[in-house]
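input-v9.pdb follows; it contains PDB, C-alpha atoms.
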```pdb
ATOM      1  CA  MET A  22     -47.375   4.299  41.727
ATOM      2  CA  ASN A  23     -47.282   7.938  40.822
ATOM      3  CA  LEU A  24     -47.900   8.281  37.062
ATOM      4  CA  GLY A  25     -45.387  11.125  36.766
ATOM      5  CA  LEU A  26     -42.683   9.094  38.468
ATOM      6  CA  ALA A  27     -43.349   6.081  36.226
ATOM      7  CA  THR A  28     -43.196   8.241  33.107
ATOM      8  CA  THR A  29     -39.916   9.735  34.303
ATOM      9  CA  TYR A  30     -38.453   6.269  34.803
ATOM     10  CA  ILE A  31     -39.564   5.164  31.329
ATOM     11  CA  ILE A  32     -38.175   8.245  29.599
ATOM     12  CA  GLY A  33     -35.022   8.151  31.731
ATOM     13  CA  GLY A  34     -34.560   4.459  30.911
ATOM     14  CA  LEU A  35     -34.914   5.115  27.203
ATOM     15  CA  MET A  36     -32.376   7.919  27.463
ATOM     16  CA  LEU A  37     -29.985   5.664  29.350
ATOM     17  CA  LEU A  38     -30.326   2.893  26.737
ATOM     18  CA  SER A  39     -29.799   5.417  23.993
ATOM     19  CA  ILE A  40     -26.652   6.759  25.654
ATOM     20  CA  LEU A  41     -25.277   3.245  26.184
ATOM     21  CA  ALA A  42     -25.937   2.277  22.544
ATOM     22  CA  TYR A  43     -24.334   5.506  21.394
ATOM     23  CA  ASN A  44     -21.325   4.911  23.644
ATOM     24  CA  TYR A  45     -20.931   1.364  22.260
ATOM     25  CA  SER A  46     -21.081   2.598  18.690
ATOM     26  CA  LEU A  47     -18.592   5.380  19.431
ATOM     27  CA  PHE A  48     -16.218   2.919  21.076
ATOM     28  CA  ASN A  49     -16.355   0.545  18.061
ATOM     29  CA  SER A  50     -15.802   3.370  15.643
ATOM     30  CA  THR A  51     -12.800   4.608  17.627
ATOM     31  CA  VAL A  52     -11.295   1.116  17.767
ATOM     32  CA  GLU A  53     -11.767   0.673  14.010
ATOM     33  CA  THR A  54     -10.214   4.027  13.154
ATOM     34  CA  THR A  55      -7.292   3.537  15.518
ATOM     35  CA  SER A  56      -6.556   0.010  14.326
ATOM     36  CA  SER A  57      -6.769   1.094  10.677
ATOM     37  CA  VAL A  58      -4.257   3.898  11.219
ATOM     38  CA  ILE A  59      -1.910   1.581  13.139
ATOM     39  CA  THR A  60      -2.202  -1.046  10.370
ATOM     40  CA  GLN A  61      -1.471   1.513   7.659
ATOM     41  CA  ASN A  62       1.586   2.692   9.596
ATOM     42  CA  LYS A  63       2.689  -0.911  10.045
ATOM     43  CA  LEU A  64       2.475  -1.489   6.293
ATOM     44  CA  ASP A  65       4.161   1.816   5.567
ATOM     45  CA  ASN A  66       7.152   0.868   7.733
ATOM     46  CA  ILE A  67       7.612  -2.433   5.902
ATOM     47  CA  VAL A  68       7.142  -0.821   2.498
ATOM     48  CA  SER A  69       9.698   1.943   3.168
ATOM     49  CA  ILE A  70      12.405  -0.585   3.987
ATOM     50  CA  LEU A  71      11.345  -2.949   1.213
ATOM     51  CA  GLN A  72      11.429  -0.217  -1.429
ATOM     52  CA  ASN A  73      14.834   0.973  -0.275
ATOM     53  CA  ASP A  74      16.200  -2.578  -0.441
ATOM     54  CA  LEU A  75      14.653  -3.519  -3.784
ATOM     55  CA  ASN A  76      15.693  -0.309  -5.517
ATOM     56  CA  ARG A  77      19.294  -1.061  -4.549
ATOM     57  CA  ILE A  78      19.431  -4.623  -5.824
ATOM     58  CA  GLY A  79      22.729  -5.047  -7.629
ATOM     59  CA  TYR A  80      24.058  -1.634  -6.620
ATOM     60  CA  ASP A  81      27.868  -1.779  -6.349
ATOM     61  CA  ARG A  82      27.667  -5.290  -7.672
ATOM     62  CA  GLY A  83      27.378  -4.820 -11.418
ATOM     63  CA  VAL A  84      24.650  -6.505 -13.382
ATOM     64  CA  SER A  85      25.552 -10.105 -12.645
ATOM     65  CA  ASP A  86      25.124 -12.178  -9.512
ATOM     66  CA  ALA A  87      22.619  -9.757  -8.031
ATOM     67  CA  PHE A  88      20.313 -12.556  -6.887
ATOM     68  CA  VAL A  89      21.314 -15.487  -4.737
ATOM     69  CA  MET A  90      17.826 -16.960  -4.430
ATOM     70  CA  ALA A  91      14.472 -15.991  -5.892
ATOM     71  CA  GLU A  92      11.396 -17.845  -4.703
ATOM     72  CA  ASP A  93       7.695 -17.084  -4.249
ATOM     73  CA  SER A  94       7.959 -16.028  -0.643
ATOM     74  CA  ALA A  95      11.685 -15.454  -0.193
ATOM     75  CA  VAL A  96      14.439 -13.599  -1.941
ATOM     76  CA  ILE A  97      18.145 -13.190  -1.249
ATOM     77  CA  PHE A  98      20.055 -10.545  -3.153
ATOM     78  CA  ARG A  99      23.257  -8.553  -3.143
ATOM     79  CA  GLY A 100      23.446  -4.792  -3.286
ATOM     80  CA  ASN A 101      24.823  -1.817  -1.415
ATOM     81  CA  ILE A 102      21.797  -1.080   0.732
ATOM     82  CA  PHE A 103      23.281   1.889   2.548
ATOM     83  CA  ASP A 104      26.296   3.801   1.325
ATOM     84  CA  ASN A 105      29.431   3.738   3.460
ATOM     85  CA  ASP A 106      28.329   0.860   5.666
ATOM     86  CA  GLY A 107      30.415  -2.172   6.536
ATOM     87  CA  SER A 108      33.784  -3.006   5.072
ATOM     88  CA  ASP A 109      32.442  -4.940   2.066
ATOM     89  CA  ASP A 110      31.266  -3.196  -1.082
ATOM     90  CA  PHE A 111      27.873  -4.812  -1.044
ATOM     91  CA  ASP A 112      25.371  -6.140   1.480
ATOM     92  CA  LEU A 113      23.486  -9.411   1.512
ATOM     93  CA  VAL A 114      19.767  -9.078   2.143
ATOM     94  CA  GLU A 115      17.104 -11.685   2.596
ATOM     95  CA  TRP A 116      13.339 -11.211   2.803
ATOM     96  CA  ALA A 117      11.511 -14.402   3.699
ATOM     97  CA  LEU A 118       8.002 -15.235   4.834
ATOM     98  CA  THR A 119       7.966 -18.042   7.356
ATOM     99  CA  SER A 120       5.032 -20.301   8.103
ATOM    100  CA  ASP A 121       5.373 -19.504  11.804
ATOM    101  CA  PRO A 122       2.455 -17.639  13.359
ATOM    102  CA  ASP A 123       3.508 -14.395  14.963
ATOM    103  CA  THR A 124       2.964 -14.834  18.687
ATOM    104  CA  ASN A 125       3.560 -11.148  19.377
ATOM    105  CA  THR A 126       0.085 -10.293  18.140
ATOM    106  CA  THR A 127      -3.307 -11.733  19.011
ATOM    107  CA  ASN A 128      -4.166 -12.037  15.318
ATOM    108  CA  PRO A 129      -3.999 -15.769  14.489
ATOM    109  CA  ASN A 130      -3.493 -14.972  10.782
ATOM    110  CA  ASP A 131      -0.255 -13.055  11.319
ATOM    111  CA  LEU A 132       2.883 -14.740  10.007
ATOM    112  CA  VAL A 133       6.475 -13.754  10.617
ATOM    113  CA  LEU A 134       8.267 -11.944   7.806
ATOM    114  CA  ILE A 135      12.013 -11.902   8.333
ATOM    115  CA  ARG A 136      14.463  -9.426   6.879
ATOM    116  CA  THR A 137      18.043 -10.515   7.325
ATOM    117  CA  TRP A 138      20.664  -7.942   6.523
ATOM    118  CA  ASN A 139      24.416  -8.404   6.542
ATOM    119  CA  GLN A 140      26.496  -5.382   5.623
ATOM    120  CA  THR A 141      29.672  -7.468   5.682
ATOM    121  CA  PRO A 142      28.715 -10.770   3.994
ATOM    122  CA  SER A 143      32.265 -12.048   4.447
ATOM    123  CA  ILE A 144      31.478 -12.260   8.172
ATOM    124  CA  PRO A 145      28.197 -14.227   8.504
ATOM    125  CA  ALA A 146      28.051 -13.505  12.249
ATOM    126  CA  ASN A 147      27.322  -9.842  11.475
ATOM    127  CA  GLU A 148      23.877 -10.728  10.239
ATOM    128  CA  ILE A 149      21.089  -8.638  11.712
ATOM    129  CA  GLU A 150      17.554  -9.992  11.751
ATOM    130  CA  TYR A 151      14.359  -7.938  11.781
ATOM    131  CA  GLN A 152      10.901  -9.399  12.147
ATOM    132  CA  TYR A 153       7.577  -8.056  10.939
ATOM    133  CA  SER A 154       4.099  -9.503  11.148
ATOM    134  CA  VAL A 155       2.221  -9.817   7.863
ATOM    135  CA  ARG A 156      -0.775 -11.705   6.557
ATOM    136  CA  ASP A 157       0.767 -12.454   3.194
ATOM    137  CA  PHE A 158       3.964 -11.762   1.280
ATOM    138  CA  GLU A 159       4.508 -12.810  -2.313
ATOM    139  CA  ILE A 160       7.212 -12.102  -4.854
ATOM    140  CA  ASN A 161       7.136 -12.554  -8.626
ATOM    141  CA  TYR A 162      10.096 -12.099 -10.934
ATOM    142  CA  TYR A 163      10.087 -10.835 -14.520
ATOM    143  CA  ASP A 164      12.658 -10.402 -17.249
ATOM    144  CA  ILE A 165      13.137  -7.241 -19.312
ATOM    145  CA  ASP A 166      10.217  -8.151 -21.598
ATOM    146  CA  GLY A 167       7.847  -8.609 -18.688
ATOM    147  CA  ASN A 168       7.788 -12.410 -18.846
ATOM    148  CA  VAL A 169       7.876 -14.442 -15.648
ATOM    149  CA  THR A 170      11.327 -15.897 -15.165
ATOM    150  CA  ALA A 171      13.074 -18.166 -12.692
ATOM    151  CA  THR A 172      16.550 -17.573 -14.107
ATOM    152  CA  LEU A 173      18.388 -15.418 -11.610
ATOM    153  CA  ASP A 174      20.490 -13.534 -14.174
ATOM    154  CA  ASP A 175      17.392 -12.653 -16.247
ATOM    155  CA  ILE A 176      15.498 -10.983 -13.432
ATOM    156  CA  VAL A 177      15.025  -7.279 -14.050
ATOM    157  CA  GLN A 178      11.648  -6.603 -12.461
ATOM    158  CA  VAL A 179      10.531  -7.687  -9.016
ATOM    159  CA  GLU A 180       6.860  -7.601  -8.102
ATOM    160  CA  VAL A 181       6.098  -7.683  -4.407
ATOM    161  CA  GLU A 182       2.732  -8.050  -2.718
ATOM    162  CA  VAL A 183       2.316  -7.378   0.998
ATOM    163  CA  LEU A 184      -0.894  -7.790   2.964
ATOM    164  CA  VAL A 185      -1.016  -6.824   6.616
ATOM    165  CA  GLU A 186      -3.789  -7.071   9.146
ATOM    166  CA  SER A 187      -4.359  -5.206  12.385
ATOM    167  CA  ASN A 188      -2.869  -6.818  15.467
ATOM    168  CA  GLU A 189      -6.207  -6.768  17.257
ATOM    169  CA  PRO A 190      -9.724  -7.313  15.859
ATOM    170  CA  TYR A 191     -11.703  -4.118  15.430
ATOM    171  CA  LEU A 192     -14.973  -6.042  15.734
ATOM    172  CA  THR A 193     -15.913  -9.367  17.310
ATOM    173  CA  LYS A 194     -19.346 -10.718  16.459
ATOM    174  CA  LYS A 195     -21.516 -12.665  18.872
ATOM    175  CA  ASP A 196     -20.607 -15.945  17.134
ATOM    176  CA  GLY A 197     -16.937 -15.204  17.791
ATOM    177  CA  THR A 198     -16.035 -14.130  14.246
ATOM    178  CA  GLU A 199     -13.267 -11.573  14.427
ATOM    179  CA  PHE A 200     -12.729  -8.823  11.868
ATOM    180  CA  TYR A 201      -9.288  -7.408  11.259
ATOM    181  CA  TYR A 202      -8.455  -4.270   9.327
ATOM    182  CA  ARG A 203      -6.422  -5.032   6.196
ATOM    183  CA  SER A 204      -3.976  -2.907   4.286
ATOM    184  CA  TYR A 205      -2.357  -3.899   1.044
ATOM    185  CA  TRP A 206       0.615  -2.920  -1.101
ATOM    186  CA  LYS A 207       1.745  -4.282  -4.435
ATOM    187  CA  ARG A 208       4.364  -2.894  -6.758
ATOM    188  CA  ARG A 209       6.540  -4.008  -9.610
ATOM    189  CA  ILE A 210       9.943  -2.463  -9.101
ATOM    190  CA  VAL A 211      12.609  -2.110 -11.757
ATOM    191  CA  ALA A 212      15.891  -1.783  -9.911
ATOM    192  CA  ASN A 213      18.037   0.854 -11.606
ATOM    193  CA  ASN A 214      21.131  -1.310 -11.313
ATOM    194  CA  LEU A 215      19.605  -4.220 -13.186
ATOM    195  CA  ILE A 216      19.015  -2.254 -16.406
ATOM    196  CA  TYR A 217      21.844  -0.967 -18.520
TER     197      TYR A 217
ATOM    198  CA  MET B  16     -48.721  25.533  31.239
ATOM    199  CA  ASN B  17     -46.693  24.941  34.381
ATOM    200  CA  ASP B  18     -47.652  21.256  34.237
ATOM    201  CA  TYR B  19     -46.039  20.863  30.881
ATOM    202  CA  SER B  20     -42.835  22.807  31.557
ATOM    203  CA  ASP B  21     -40.838  19.707  32.546
ATOM    204  CA  VAL B  22     -41.941  17.910  29.398
ATOM    205  CA  LEU B  23     -40.849  20.888  27.294
ATOM    206  CA  TYR B  24     -37.466  20.995  29.029
ATOM    207  CA  LEU B  25     -37.033  17.277  28.445
ATOM    208  CA  THR B  26     -38.017  17.589  24.780
ATOM    209  CA  ALA B  27     -35.524  20.412  24.292
ATOM    210  CA  ALA B  28     -32.790  18.353  26.000
ATOM    211  CA  MET B  29     -33.534  15.349  23.796
ATOM    212  CA  VAL B  30     -33.407  17.455  20.631
ATOM    213  CA  ILE B  31     -30.044  18.919  21.643
ATOM    214  CA  TYR B  32     -28.751  15.471  22.554
ATOM    215  CA  SER B  33     -29.927  14.103  19.176
ATOM    216  CA  PHE B  34     -28.083  16.843  17.319
ATOM    217  CA  LEU B  35     -24.925  16.092  19.274
ATOM    218  CA  THR B  36     -25.069  12.355  18.579
ATOM    219  CA  ILE B  37     -25.844  12.886  14.879
ATOM    220  CA  ASN B  38     -22.932  15.298  14.504
ATOM    221  CA  THR B  39     -20.532  12.993  16.322
ATOM    222  CA  ALA B  40     -21.653  10.008  14.225
ATOM    223  CA  ARG B  41     -21.216  12.105  11.070
ATOM    224  CA  SER B  42     -17.723  13.063  12.186
ATOM    225  CA  PHE B  43     -16.779   9.421  12.747
ATOM    226  CA  LEU B  44     -18.246   8.420   9.395
ATOM    227  CA  SER B  45     -16.155  11.106   7.763
ATOM    228  CA  THR B  46     -13.023   9.786   9.539
ATOM    229  CA  SER B  47     -13.759   6.241   8.339
ATOM    230  CA  GLU B  48     -14.228   7.502   4.793
ATOM    231  CA  THR B  49     -10.897   9.321   4.986
ATOM    232  CA  VAL B  50      -9.145   6.167   6.169
ATOM    233  CA  ILE B  51     -10.665   4.071   3.377
ATOM    234  CA  ARG B  52      -9.912   6.770   0.812
ATOM    235  CA  SER B  53      -6.273   6.924   1.914
ATOM    236  CA  ASP B  54      -5.991   3.163   1.317
ATOM    237  CA  VAL B  55      -7.526   3.528  -2.135
ATOM    238  CA  GLU B  56      -5.208   6.448  -2.955
ATOM    239  CA  TYR B  57      -2.265   4.373  -1.793
ATOM    240  CA  ARG B  58      -3.162   1.623  -4.269
ATOM    241  CA  THR B  59      -3.831   4.122  -7.057
ATOM    242  CA  ILE B  60      -0.397   5.706  -6.611
ATOM    243  CA  MET B  61       1.177   2.221  -6.777
ATOM    244  CA  ARG B  62      -0.538   1.583 -10.096
ATOM    245  CA  ALA B  63       0.774   4.854 -11.530
ATOM    246  CA  GLN B  64       4.263   4.049 -10.243
ATOM    247  CA  ASP B  65       4.093   0.693 -12.035
ATOM    248  CA  VAL B  66       3.598   2.483 -15.365
ATOM    249  CA  ILE B  67       6.588   4.732 -14.633
ATOM    250  CA  GLU B  68       8.641   1.626 -13.820
ATOM    251  CA  GLN B  69       7.833   0.252 -17.288
ATOM    252  CA  VAL B  70       9.051   3.516 -18.820
ATOM    253  CA  LYS B  71      12.302   3.125 -16.906
ATOM    254  CA  LEU B  72      12.827  -0.129 -18.795
ATOM    255  CA  VAL B  73      12.831   1.559 -22.231
ATOM    256  CA  GLN B  74      16.311   1.295 -23.702
ATOM    257  CA  ARG B  75      18.008   3.859 -25.930
ATOM    258  CA  GLU B  76      17.459   1.758 -29.044
ATOM    259  CA  ASP B  77      13.724   1.582 -28.224
ATOM    260  CA  GLU B  78      13.343   5.325 -27.857
ATOM    261  CA  ASN B  79      10.544   5.315 -30.455
ATOM    262  CA  MET B  80       8.307   3.756 -27.832
ATOM    263  CA  LEU B  81       7.971   7.212 -26.325
ATOM    264  CA  ASP B  82       7.399   9.004 -29.626
ATOM    265  CA  PRO B  83       3.617   9.603 -29.987
ATOM    266  CA  THR B  84       3.918   9.744 -33.784
ATOM    267  CA  HIS B  85       5.701   6.406 -34.090
ATOM    268  CA  ILE B  86       4.025   3.040 -34.690
ATOM    269  CA  ASP B  87       5.851   1.570 -31.659
ATOM    270  CA  TYR B  88       4.391   4.181 -29.283
ATOM    271  CA  MET B  89       3.853   2.319 -26.043
ATOM    272  CA  PHE B  90       0.783   4.329 -24.977
ATOM    273  CA  ALA B  91      -1.088   4.035 -28.298
ATOM    274  CA  ASN B  92      -3.892   1.963 -26.760
ATOM    275  CA  TYR B  93      -4.341   4.133 -23.698
ATOM    276  CA  PRO B  94      -6.504   4.809 -21.731
ATOM    277  CA  ILE B  95      -6.965   1.236 -20.622
ATOM    278  CA  THR B  96      -9.081  -0.293 -17.867
ATOM    279  CA  GLU B  97      -7.422  -2.832 -15.620
ATOM    280  CA  ASN B  98      -8.920  -5.020 -12.939
ATOM    281  CA  GLU B  99      -6.618  -6.085 -10.182
ATOM    282  CA  THR B 100      -7.513  -8.731  -7.660
ATOM    283  CA  PHE B 101      -5.701  -8.879  -4.384
ATOM    284  CA  GLY B 102      -5.922 -10.227  -0.864
ATOM    285  CA  TYR B 103      -4.948 -13.526   0.722
ATOM    286  CA  SER B 104      -7.353 -15.453  -1.518
ATOM    287  CA  ASP B 105      -7.876 -12.709  -4.120
ATOM    288  CA  GLU B 106     -11.079 -11.639  -2.410
ATOM    289  CA  TYR B 107     -10.811  -7.962  -3.377
ATOM    290  CA  THR B 108     -10.899  -6.282  -6.772
ATOM    291  CA  ASP B 109      -9.856  -2.808  -7.803
ATOM    292  CA  THR B 110     -10.650  -1.268 -11.168
ATOM    293  CA  PHE B 111      -8.220   1.293 -12.509
ATOM    294  CA  ILE B 112      -8.551   3.510 -15.560
ATOM    295  CA  ILE B 113      -5.002   4.163 -16.665
ATOM    296  CA  ASP B 114      -4.080   6.894 -19.090
ATOM    297  CA  ALA B 115      -0.543   7.780 -20.090
ATOM    298  CA  SER B 116       1.166   9.865 -22.702
ATOM    299  CA  SER B 117       4.602  11.126 -23.532
ATOM    300  CA  GLU B 118       5.872  14.218 -25.282
ATOM    301  CA  PHE B 119       9.273  15.210 -26.547
ATOM    302  CA  ILE B 120      10.939  18.046 -24.668
ATOM    303  CA  ASP B 121      12.854  20.069 -27.194
ATOM    304  CA  GLU B 122      15.811  21.500 -25.291
ATOM    305  CA  GLY B 123      17.868  22.147 -28.393
ATOM    306  CA  ASP B 124      20.621  19.989 -26.932
ATOM    307  CA  PRO B 125      22.084  17.763 -29.636
ATOM    308  CA  LEU B 126      23.427  15.293 -27.078
ATOM    309  CA  ILE B 127      20.318  14.519 -25.065
ATOM    310  CA  LYS B 128      16.711  13.736 -25.917
ATOM    311  CA  ARG B 129      14.168  13.970 -23.148
ATOM    312  CA  TYR B 130      10.555  12.863 -22.956
ATOM    313  CA  ARG B 131       7.991  13.928 -20.419
ATOM    314  CA  VAL B 132       5.796  10.974 -19.504
ATOM    315  CA  THR B 133       2.494  11.802 -17.808
ATOM    316  CA  VAL B 134       0.509   9.075 -16.116
ATOM    317  CA  ASN B 135      -3.040   9.479 -14.851
ATOM    318  CA  VAL B 136      -4.727   6.706 -12.902
ATOM    319  CA  VAL B 137      -8.331   6.829 -11.731
ATOM    320  CA  ASN B 138      -9.822   4.442  -9.196
ATOM    321  CA  GLU B 139     -13.600   4.576  -9.023
ATOM    322  CA  SER B 140     -13.971   2.371  -5.938
ATOM    323  CA  VAL B 141     -14.861   5.452  -3.921
ATOM    324  CA  ASP B 142     -17.147   8.361  -4.672
ATOM    325  CA  PRO B 143     -15.826  10.838  -5.718
ATOM    326  CA  SER B 144     -13.220   8.792  -7.541
ATOM    327  CA  THR B 145      -9.528   8.989  -6.738
ATOM    328  CA  SER B 146      -7.206  10.342  -9.378
ATOM    329  CA  VAL B 147      -3.415  10.361  -9.359
ATOM    330  CA  ASP B 148      -1.089  12.159 -11.769
ATOM    331  CA  LEU B 149       2.596  11.332 -11.985
ATOM    332  CA  ILE B 150       5.162  12.921 -14.290
ATOM    333  CA  PHE B 151       8.443  11.269 -15.183
ATOM    334  CA  ILE B 152      11.262  12.616 -17.363
ATOM    335  CA  LYS B 153      13.050   9.967 -19.372
ATOM    336  CA  SER B 154      16.378  10.986 -20.925
ATOM    337  CA  PHE B 155      18.332   9.329 -23.705
ATOM    338  CA  GLU B 156      21.892  10.104 -24.578
ATOM    339  CA  ARG B 157      22.298  10.403 -28.320
TER     340      ARG B 157
END
```

As structure tokens, please, write out the structure in this file.
Amino acid sequence: MNLGLATTYIIGGLMLLSILAYNYSLFNSTVETTSSVITQNKLDNIVSILQNDLNRIGYDRGVSDAFVMAEDSAVIFRGNIFDNDGSDDFDLVEWALTSDPDTNTTNPNDLVLIRTWNQTPSIPANEIEYQYSVRDFEINYYDIDGNVTATLDDIVQVEVEVLVESNEPYLTKKDGTEFYYRSYWKRRIVANNLIY
Amino acid sequence: MNDYSDVLYLTAAMVIYSFLTINTARSFLSTSETVIRSDVEYRTIMRAQDVIEQVKLVQREDENMLDPTHIDYMFANYPITENETFGYSDEYTDTFIIDASSEFIDEGDPLIKRYRVTVNVVNESVDPSTSVDLIFIKSFER
């Protein structure tokens, strides 16, 4: 075989391998960046609605009876969530994490977080349900002194923790281990209408 | 020299190709860093907002908590360092250096007293560290 031709094949082969490796790395990096941005947007959407709801706990309701239920992964409260909506003065809102896996994503860790909103609580049929996929959702309740409380009328601060993961893995190892991008939000909110 | 011209061309092409790949990889690394930094900033802002939320809780009768000269001053021990664990099984930890102070805003209005609360939170998880400043005005009716 011609030595020149063989050398060309060797160098060309190395170049080809190099290009393929580079292409693979570029592809992974793009997938990771894209999934991270999508995950951050996903969290941001949930947080925007959550903050709006929590800041309006008790609004148009006075300082009593703001909470109907307050548990670790579910809360039901009254408050005027949007002005001039519905015929009732206040809305009834529920945020609850279910143990059901979210089948809309390929991520096996995703659970369904449900937000149920009724702007006319006197008519239960008007309830509207929204679903989000999250990895974790936790709520803690505190009184005015910052102590954990389970008494509904004593709750003044609500601490919420949300963890979301990307819908698709950004990296799958040879042994099948999948890596998902995670984004996290945690805040302790003092609803203006619960302090006086 | 003619015999080596192809080799020289190939070497030049490989050098150019190397520069291109290095620059592209650097660009992607920079994008990843930006994404991670935005997550860290997000958490740092939350921490600063939490301090502001605690200021919102101060009642009129506890106004001294915002007076830097008073024994009840709520930021007397600041700056403080706080570790926060998070994640599904608390697998992550963030360290925040939280500084806060308040100052009386003398408006000369006998009916209202206002305090400017400044919160600074630093998260050193990334290099350079992330710093967030929030300002909140708390008003008390006399």

Using all atoms listed in the file, the shortest atom-to-atom distance to chain A among B:Arg58, B:Arg52, B:His85, B:Arg41 belongs to B:Arg58

**Prompt:** Using all atoms listed in the file, which chain B residues lie at most 10 Å away from chain A, written as a PyMOL selection string?
**Reply:** chain B and resi 22+25+29+32-33+36-37+39-40+43-44+46-51+53-55+57-58+60-75+101-104

Tell me which residues the PyMOL selection byres ((chain A and resi 76-80) around 10) grabs here, as a VMD selection string.
-> chain A and resid 71 to 75 81 to 88 97 to 104 110 to 114 177 179 210 to 216

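Within the file as shown, the PyMOL selection byres ((chain A and resi 143) around 10) identifies Ser108, Asp109, Asp112, Leu113, Asn139, Gln140, Thr141, Pro142, Ile144, Pro145, Ala146 and Asn147 of chain A.
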
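Here CA of Thr59 in chain B is placed at a distance of 24.2 Å from CA of Asp164 in chain A.
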
Apply the PyMOL selection byres ((chain B and resi 128-142) around 6) to the structure shown and report the selected residues as a PyMOL selection string.
-> chain B and resi 63+111-120+127+143-155

Using Å and a single decimal, report how far CA of Val52 in chain A sits from CA of Asn188 in chain A.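 Value for the CA of Asn188 in chain A-CA of Val52 in chain A distance: 11.8 Å.
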
Counting all atoms listed in the file, which residues come within 10 Å of (3.8, 3.2, -29.0), with the point read in the file's coordinates, and could you list them as a PDB file with C-alpha atoms, in the coordinates of the input?
```pdb
ATOM      1  CA  GLU B  78      13.343   5.325 -27.857  1.00  0.00           C
ATOM      2  CA  ASN B  79      10.544   5.315 -30.455  1.00  0.00           C
ATOM      3  CA  MET B  80       8.307   3.756 -27.832  1.00  0.00           C
ATOM      4  CA  LEU B  81       7.971   7.212 -26.325  1.00  0.00           C
ATOM      5  CA  ASP B  82       7.399   9.004 -29.626  1.00  0.00           C
ATOM      6  CA  PRO B  83       3.617   9.603 -29.987  1.00  0.00           C
ATOM      7  CA  THR B  84       3.918   9.744 -33.784  1.00  0.00           C
ATOM      8  CA  HIS B  85       5.701   6.406 -34.090  1.00  0.00           C
ATOM      9  CA  ILE B  86       4.025   3.040 -34.690  1.00  0.00           C
ATOM     10  CA  ASP B  87       5.851   1.570 -31.659  1.00  0.00           C
ATOM     11  CA  TYR B  88       4.391   4.181 -29.283  1.00  0.00           C
ATOM     12  CA  MET B  89       3.853   2.319 -26.043  1.00  0.00           C
ATOM     13  CA  PHE B  90       0.783   4.329 -24.977  1.00  0.00           C
ATOM     14  CA  ALA B  91      -1.088   4.035 -28.298  1.00  0.00           C
ATOM     15  CA  ASN B  92      -3.892   1.963 -26.760  1.00  0.00           C
ATOM     16  CA  TYR B  93      -4.341   4.133 -23.698  1.00  0.00           C
ATOM     17  CA  SER B 116       1.166   9.865 -22.702  1.00  0.00           C
ATOM     18  CA  SER B 117       4.602  11.126 -23.532  1.00  0.00           C
TER      19      SER B 117
END
```

With 3 Å of padding per side, what axis-aligned box (centre and edge lengths, Å, one decimal) covers all the listed atoms of range 62-70 of chain B? Give it as JSON.
```
{"center_x": 4.3, "center_y": 2.6, "center_z": -14.5, "size_x": 15.6, "size_y": 10.6, "size_z": 14.7}
```
